[in-house]
>>> print(open('upload_18.cif').read())   # mmCIF, C-alpha atoms and all ligand atoms
data_input
loop_
_atom_site.label_atom_id
_atom_site.label_comp_id
_atom_site.auth_asym_id
_atom_site.auth_seq_id
_atom_site.Cartn_x
_atom_site.Cartn_y
_atom_site.Cartn_z
CA MET B 1 32.40 77.13 58.71
CA GLN B 2 33.20 73.49 59.14
CA VAL B 3 36.10 72.30 61.33
CA THR B 4 37.31 68.95 60.08
CA LEU B 5 40.21 66.87 61.32
CA ASP B 6 39.74 63.94 58.95
CA GLY B 7 41.95 61.12 60.08
CA GLN B 8 44.45 63.34 61.90
CA ARG B 9 46.48 61.36 64.43
CA ILE B 10 46.13 63.29 67.68
CA LEU B 11 47.69 62.52 71.05
CA VAL B 12 46.02 64.15 74.07
CA THR B 13 47.89 63.83 77.35
CA GLY B 14 45.97 63.55 80.61
CA ALA B 15 42.93 62.74 78.50
CA ASN B 16 40.90 60.47 80.75
CA SER B 17 39.28 63.25 82.80
CA GLY B 18 38.38 66.93 82.87
CA ILE B 19 39.35 69.21 80.00
CA GLY B 20 41.45 66.47 78.39
CA ALA B 21 38.49 64.11 78.09
CA ALA B 22 36.33 66.89 76.67
CA VAL B 23 39.05 67.70 74.14
CA ALA B 24 39.35 64.02 73.17
CA ARG B 25 35.56 63.88 72.56
CA GLU B 26 35.48 67.05 70.43
CA LEU B 27 38.49 66.01 68.36
CA ALA B 28 36.86 62.64 67.76
CA ALA B 29 33.63 64.38 66.73
CA GLY B 30 35.71 66.37 64.24
CA GLY B 31 36.92 63.16 62.63
CA ALA B 32 40.35 62.73 64.27
CA ARG B 33 41.98 59.55 65.49
CA VAL B 34 42.59 60.03 69.20
CA ALA B 35 45.30 58.60 71.46
CA VAL B 36 44.25 58.93 75.10
CA ASN B 37 47.30 59.28 77.34
CA TYR B 38 46.75 58.71 81.04
CA VAL B 39 48.73 57.85 84.14
CA ALA B 40 46.07 56.60 86.58
CA HIS B 41 42.46 55.41 86.50
CA PRO B 42 42.60 52.85 83.65
CA GLU B 43 38.86 52.22 84.12
CA ALA B 44 38.09 55.86 83.21
CA THR B 45 40.30 55.48 80.14
CA GLU B 46 38.53 52.26 79.10
CA ALA B 47 35.14 53.95 79.47
CA LEU B 48 36.23 56.91 77.33
CA LEU B 49 37.79 54.65 74.69
CA ALA B 50 34.59 52.59 74.53
CA GLU B 51 32.55 55.77 74.10
CA LEU B 52 34.80 57.09 71.33
CA ARG B 53 34.93 53.77 69.51
CA ALA B 54 31.14 53.42 69.72
CA SER B 55 30.83 56.56 67.63
CA GLY B 56 33.29 55.22 65.05
CA THR B 57 36.54 56.82 66.22
CA ASP B 58 39.86 55.03 65.96
CA ALA B 59 40.98 55.50 69.59
CA ILE B 60 43.84 54.00 71.59
CA GLY B 61 44.93 54.27 75.22
CA LEU B 62 48.56 55.01 76.09
CA GLN B 63 49.67 54.85 79.71
CA ALA B 64 52.70 57.00 80.51
CA ASP B 65 53.82 59.46 83.13
CA VAL B 66 54.61 62.50 80.97
CA SER B 67 57.39 63.56 83.35
CA ASP B 68 59.32 60.33 82.75
CA ALA B 69 61.52 60.50 79.64
CA ALA B 70 61.67 56.72 79.17
CA GLN B 71 57.89 56.36 79.45
CA VAL B 72 57.33 59.20 76.98
CA ALA B 73 59.77 57.61 74.51
CA ALA B 74 57.94 54.27 74.84
CA MET B 75 54.59 56.04 74.30
CA TYR B 76 55.80 57.52 71.00
CA LEU B 77 57.16 54.17 69.83
CA GLU B 78 53.74 52.66 70.50
CA LEU B 79 52.11 55.52 68.57
CA ASP B 80 54.51 54.87 65.67
CA ARG B 81 53.62 51.18 65.77
CA CYS B 82 49.85 51.84 65.79
CA TRP B 83 49.53 54.82 63.47
CA GLY B 84 52.95 55.41 61.95
CA GLY B 85 53.40 58.76 63.72
CA ILE B 86 51.54 61.82 64.93
CA ASP B 87 49.97 64.94 63.40
CA THR B 88 48.90 66.84 66.51
CA LEU B 89 49.84 66.83 70.19
CA VAL B 90 47.65 68.37 72.88
CA ASN B 91 49.86 68.81 75.95
CA ASN B 92 47.06 68.76 78.48
CA ALA B 93 48.31 66.74 81.47
CA GLY B 94 48.68 68.94 84.52
CA ILE B 95 48.39 69.11 88.28
CA ASP B 96 47.92 72.09 90.59
CA GLY B 97 49.62 70.75 93.72
CA ALA B 98 48.78 71.37 97.36
CA ARG B 99 47.92 74.92 98.39
CA ALA B 100 50.71 76.45 100.48
CA PRO B 101 52.63 79.71 100.61
CA ALA B 102 56.21 79.22 99.42
CA TRP B 103 57.64 79.27 102.94
CA GLU B 104 55.46 76.31 103.90
CA ALA B 105 55.60 74.43 100.61
CA ASP B 106 57.17 70.99 100.41
CA PRO B 107 60.06 71.27 97.90
CA VAL B 108 59.44 67.79 96.48
CA ALA B 109 55.76 68.53 95.88
CA TRP B 110 56.68 71.91 94.37
CA GLN B 111 59.10 70.29 91.97
CA ARG B 112 56.56 67.62 91.02
CA VAL B 113 54.20 70.32 89.68
CA LEU B 114 57.00 71.69 87.49
CA SER B 115 57.92 68.15 86.40
CA VAL B 116 54.43 67.32 85.16
CA ASN B 117 53.26 70.69 83.83
CA LEU B 118 56.44 72.08 82.28
CA TYR B 119 59.06 69.33 81.91
CA GLY B 120 56.35 66.84 80.90
CA SER B 121 55.08 69.22 78.23
CA PHE B 122 58.64 69.66 76.97
CA LEU B 123 59.24 65.90 76.82
CA CYS B 124 56.01 65.27 74.92
CA ALA B 125 56.63 68.23 72.59
CA ARG B 126 60.15 66.94 71.95
CA GLY B 127 58.87 63.51 70.93
CA ALA B 128 56.20 65.09 68.73
CA LEU B 129 58.64 67.49 67.05
CA GLN B 130 61.07 64.67 66.31
CA ARG B 131 58.31 63.34 64.08
CA MET B 132 56.66 66.59 62.89
CA VAL B 133 59.81 68.41 61.76
CA PRO B 134 60.89 65.68 59.29
CA GLN B 135 57.33 65.38 57.92
CA ARG B 136 57.14 69.18 57.62
CA SER B 137 53.74 69.44 59.31
CA GLY B 138 52.11 69.26 62.70
CA VAL B 139 50.49 71.18 65.53
CA ILE B 140 51.26 71.32 69.24
CA LEU B 141 48.70 72.84 71.60
CA ASN B 142 49.84 73.50 75.16
CA MET B 143 47.08 73.66 77.77
CA SER B 144 48.04 76.62 79.91
CA SER B 145 45.96 78.63 82.40
CA VAL B 146 45.02 82.20 83.23
CA HIS B 147 47.84 81.75 85.73
CA GLU B 148 50.27 81.94 82.84
CA ARG B 149 49.63 85.66 83.27
CA ILE B 150 48.12 86.30 86.71
CA ALA B 151 49.62 85.37 90.07
CA TRP B 152 47.93 82.84 92.36
CA SER B 153 48.79 82.92 96.04
CA GLY B 154 49.36 79.45 97.44
CA PHE B 155 50.11 77.97 94.04
CA SER B 156 53.51 79.37 93.12
CA ALA B 157 54.64 76.13 91.42
CA TYR B 158 51.49 75.99 89.30
CA ALA B 159 51.65 79.65 88.26
CA ALA B 160 55.40 79.40 87.54
CA SER B 161 54.88 76.24 85.49
CA LYS B 162 52.19 77.89 83.37
CA ALA B 163 54.24 81.06 82.87
CA GLY B 164 57.10 78.81 81.76
CA LEU B 165 54.74 76.96 79.45
CA GLY B 166 53.89 80.27 77.77
CA MET B 167 57.53 80.87 76.88
CA LEU B 168 57.98 77.24 75.88
CA THR B 169 55.09 77.76 73.46
CA GLN B 170 56.67 80.87 71.98
CA THR B 171 60.14 79.39 71.63
CA LEU B 172 59.03 76.06 70.18
CA ALA B 173 56.81 77.97 67.75
CA GLN B 174 59.83 79.96 66.59
CA GLU B 175 61.99 76.83 66.23
CA ALA B 176 59.37 74.77 64.43
CA ALA B 177 57.78 77.38 62.16
CA PRO B 178 60.32 76.98 59.32
CA PHE B 179 59.25 73.34 59.16
CA GLY B 180 55.54 74.09 58.84
CA VAL B 181 54.76 73.15 62.44
CA ARG B 182 52.50 75.39 64.56
CA VAL B 183 52.75 75.66 68.36
CA LEU B 184 50.01 77.37 70.36
CA GLY B 185 48.84 77.79 73.94
CA LEU B 186 45.28 77.73 75.25
CA ALA B 187 44.67 79.29 78.66
CA PRO B 188 41.42 78.31 80.38
CA GLY B 189 40.12 80.17 83.42
CA ALA B 190 37.93 78.47 86.01
CA ILE B 191 36.38 75.44 84.34
CA ARG B 192 34.01 72.93 85.93
CA THR B 193 36.41 69.98 86.38
CA LEU B 194 37.68 67.86 89.26
CA ILE B 195 40.83 69.96 89.72
CA ASN B 196 38.76 72.77 91.30
CA GLN B 197 35.64 70.90 92.42
CA SER B 198 36.20 71.96 96.02
CA VAL B 199 35.75 75.56 94.89
CA TRP B 200 32.70 75.32 92.61
CA SER B 201 30.83 72.80 94.75
CA ASN B 202 30.96 75.10 97.80
CA PRO B 203 28.41 77.97 97.48
CA GLU B 204 30.55 80.43 99.43
CA SER B 205 33.79 79.85 97.53
CA LEU B 206 31.85 79.75 94.26
CA ARG B 207 30.35 83.17 95.04
CA ASP B 208 33.82 84.53 95.73
CA LEU B 209 35.19 82.99 92.52
CA LEU B 210 32.39 84.49 90.44
CA THR B 211 33.36 87.99 91.58
CA LYS B 212 36.60 87.39 89.63
CA ILE B 213 34.86 86.37 86.41
CA PRO B 214 33.20 89.17 84.42
CA LEU B 215 31.04 86.71 82.47
CA GLY B 216 29.58 85.70 85.83
CA ARG B 217 29.89 81.92 85.57
CA ILE B 218 32.52 79.25 85.44
CA GLY B 219 33.25 77.62 82.09
CA GLU B 220 32.36 74.14 80.90
CA PRO B 221 35.02 71.73 79.60
CA VAL B 222 33.32 71.60 76.20
CA GLU B 223 33.82 75.36 75.78
CA VAL B 224 37.58 74.85 76.04
CA ALA B 225 37.41 71.72 73.89
CA ARG B 226 35.67 73.50 71.00
CA LEU B 227 38.37 76.14 70.94
CA ALA B 228 41.09 73.50 71.13
CA THR B 229 39.54 71.75 68.13
CA PHE B 230 39.51 74.97 66.14
CA LEU B 231 43.11 75.82 67.07
CA VAL B 232 44.54 72.46 65.97
CA SER B 233 42.51 72.48 62.76
CA GLY B 234 43.40 74.01 59.43
CA MET B 235 40.99 76.85 60.24
CA ALA B 236 43.74 78.29 62.45
CA SER B 237 46.49 77.80 59.86
CA TYR B 238 48.06 81.23 60.39
CA MET B 239 48.11 81.07 64.20
CA SER B 240 51.32 80.13 65.99
CA GLY B 241 53.39 81.28 68.94
CA SER B 242 50.65 82.77 71.09
CA THR B 243 48.40 81.75 73.95
CA VAL B 244 44.65 82.16 73.47
CA TYR B 245 42.59 82.84 76.62
CA CYS B 246 39.25 81.15 77.27
CA ASP B 247 38.35 82.56 80.66
CA GLY B 248 35.17 84.65 80.69
CA ALA B 249 37.48 87.71 80.90
CA MET B 250 38.93 86.50 84.21
CA SER B 251 42.43 87.61 83.24
CA ASP B 252 41.11 91.18 83.16
CA TYR B 253 41.48 90.95 86.95
CA PRO B 254 45.23 90.75 87.59
CA GLU B 255 44.68 91.58 91.24
CA PHE B 256 43.13 88.12 91.66
CA ALA B 257 45.59 87.03 94.30
CA HIS B 258 43.81 85.04 96.95
CA GLY B 259 43.07 81.98 94.89
CA GLY B 260 40.19 79.56 94.86
C1 LIG O 301 43.11 76.16 87.94
C2 LIG O 301 41.76 76.20 88.61
C3 LIG O 301 41.41 77.65 88.93
C4 LIG O 301 41.53 78.50 87.72
C5 LIG O 301 41.27 79.96 87.99
C6 LIG O 301 43.08 77.07 86.76
O1 LIG O 301 44.30 77.04 86.08
O2 LIG O 301 43.40 74.84 87.55
O3 LIG O 301 41.79 75.44 89.78
O4 LIG O 301 40.08 77.70 89.41
O5 LIG O 301 42.83 78.39 87.18
O6 LIG O 301 41.97 80.43 89.11
#
>>> encode(input="upload_18.cif", output="structure tokens")
Amino acid sequence: MQVTLDGQRILVTGANSGIGAAVARELAAGGARVAVNYVAHPEATEALLAELRASGTDAIGLQADVSDAAQVAAMYLELDRCWGGIDTLVNNAGIDGARAPAWEADPVAWQRVLSVNLYGSFLCARGALQRMVPQRSGVILNMSSVHERIAWSGFSAYAASKAGLGMLTQTLAQEAAPFGVRVLGLAPGAIRTLINQSVWSNPESLRDLLTKIPLGRIGEPVEVARLATFLVSGMASYMSGSTVYCDGAMSDYPEFAHGG
């Protein structure tokens, strides 16, 4: 079985670190053109672009805060100018926010998590669908989390945003299906990235985390990236409207309530 993405124009949001960067690398290895969206750390973006270009990929960097409608609109205009449109969007940009029970949470910080993870995904999906629906083809992959389905004490905004993303996936899939556009979710569990470094780099918290993961280890970004590549490819042509879990069976433990 060969997954090929020959020349597909793919935008990955939040692509200059973590799972996003791993996804950008795998998509490039599959033959796609990759647009690396980022909001901070231009030097990390430049390094990734240089790496992708060195292996022959047509890669561009696009700076935009996904939660800002004007910046998202400008990002799509730039994509139109460079590549004449888009074939696939990976809505990956996300933040987890500061850990706090709801009664101690800062409302502005809470809302910011929703703005990036849910509203930002909507804005980017909207821009993508405005192009995919008329061309009668396209794929949107929303990067969710096991917390789409299981609660996470201290992170109510994050869990609510991912639960919302699950329903956004289903509804957009229903709207776009008649136009040949697929919309899917991918829900990673605990993956070795910066977002949870404080957990996996501390032996005690890592031990506690591993009790929640039946496979007995945390995942690597490339393991999520390979699945993402498959899901956006033609190999998954009959999949739409659902969220696929990539979590070492972590979501088998719905009582996971004390967080990382
Ligand atoms: C979070 C990680 C966490 C994992 C499992 C992910 O969505 O970003 O920080 O370790 O869920 O709880």
>>> closest_residue(input="upload_18.cif", among="B:Ile140, B:Ala151, B:Val34, B:Val146", to="ligand LIG 301 (chain O)", atoms="only C-alpha atoms and all ligand atoms")
B:Val146
>>> residues_near_ligand(input="upload_18.cif", ligand="ligand LIG 301 (chain O)", cutoff="8 Å", atoms="all atoms listed in the file", output="VMD selection string")
chain B and resid 95 to 96 144 to 147 152 158 187 to 191 195 to 196 199 209 250 259 to 260
>>> atom_distance(input="upload_18.cif", atom1="atom CA of Asn117 of chain B", atom2="atom CA of Leu215 of chain B")
27.4 Å
>>> residues_near_point(input="upload_18.cif", point="(32.4, 58.6, 67.7)", cutoff="9 Å", atoms="all atoms listed in the file", output="MDAnalysis selection string")
chainID B and resid 25 28:29 31 51:58
>>> residues_around(input="upload_18.cif", residues="Ala35 of chain B", least_positions_apart="6", cutoff="10 Å", atoms="all atoms listed in the file", output="MDAnalysis selection string")
chainID B and resid 9:13 15 24 49 58:62 79 82:83 86 89
>>> residues_near_point(input="upload_18.cif", point="(37.8, 69.4, 56.4)", cutoff="12 Å", atoms="only C-alpha atoms", output="PDB file with C-alpha atoms, in the coordinates of the input")
ATOM      1  CA  MET B   1      32.400  77.130  58.710  1.00  0.00           C
ATOM      2  CA  GLN B   2      33.200  73.490  59.140  1.00  0.00           C
ATOM      3  CA  VAL B   3      36.100  72.300  61.330  1.00  0.00           C
ATOM      4  CA  THR B   4      37.310  68.950  60.080  1.00  0.00           C
ATOM      5  CA  LEU B   5      40.210  66.870  61.320  1.00  0.00           C
ATOM      6  CA  ASP B   6      39.740  63.940  58.950  1.00  0.00           C
ATOM      7  CA  GLY B   7      41.950  61.120  60.080  1.00  0.00           C
ATOM      8  CA  GLN B   8      44.450  63.340  61.900  1.00  0.00           C
ATOM      9  CA  GLY B  30      35.710  66.370  64.240  1.00  0.00           C
ATOM     10  CA  GLY B  31      36.920  63.160  62.630  1.00  0.00           C
ATOM     11  CA  ALA B  32      40.350  62.730  64.270  1.00  0.00           C
ATOM     12  CA  PHE B 230      39.510  74.970  66.140  1.00  0.00           C
ATOM     13  CA  SER B 233      42.510  72.480  62.760  1.00  0.00           C
ATOM     14  CA  GLY B 234      43.400  74.010  59.430  1.00  0.00           C
ATOM     15  CA  MET B 235      40.990  76.850  60.240  1.00  0.00           C
TER      16      MET B 235
END
>>> closest_residue(input="upload_18.cif", among="B:Ala50, B:Ala228, B:Val36, B:Cys124", to="Ser17 of chain B", atoms="only C-alpha atoms")
B:Val36
>>> atom_distance(input="upload_18.cif", atom1="atom CA of Arg182 of chain B", atom2="atom CA of Arg131 of chain B")
13.4 Å
>>> closest_residue(input="upload_18.cif", among="B:Leu114, B:Ala69, B:Ala93, B:Ala249", to="Tyr38 of chain B", atoms="only C-alpha atoms")
B:Ala93
>>> residues_around(input="upload_18.cif", residues="Ala177 of chain B", least_positions_apart="5", cutoff="9 Å", atoms="all atoms listed in the file", output="PyMOL selection string")
chain B and resi 172+182-183+240-241
>>> axis_aligned_box(input="upload_18.cif", around="segment 29-36 of chain B", padding_each_side="3 Å", output="JSON")
{"center_x": 39.5, "center_y": 62.5, "center_z": 68.9, "size_x": 17.7, "size_y": 13.8, "size_z": 18.5}
>>> closest_residue(input="upload_18.cif", among="B:Ser156, B:Ala73, B:Ser121, B:Ile19", to="Glu104 of chain B", atoms="all atoms listed in the file")
B:Ser156
>>> closest_residue(input="upload_18.cif", among="B:Asp208, B:Asp247, B:Glu43, B:Glu78", to="Pro221 of chain B", atoms="all atoms listed in the file")
B:Asp247
>>> atom_distance(input="upload_18.cif", atom1="atom CA of Thr211 of chain B", atom2="atom CA of Gln197 of chain B")
17.3 Å
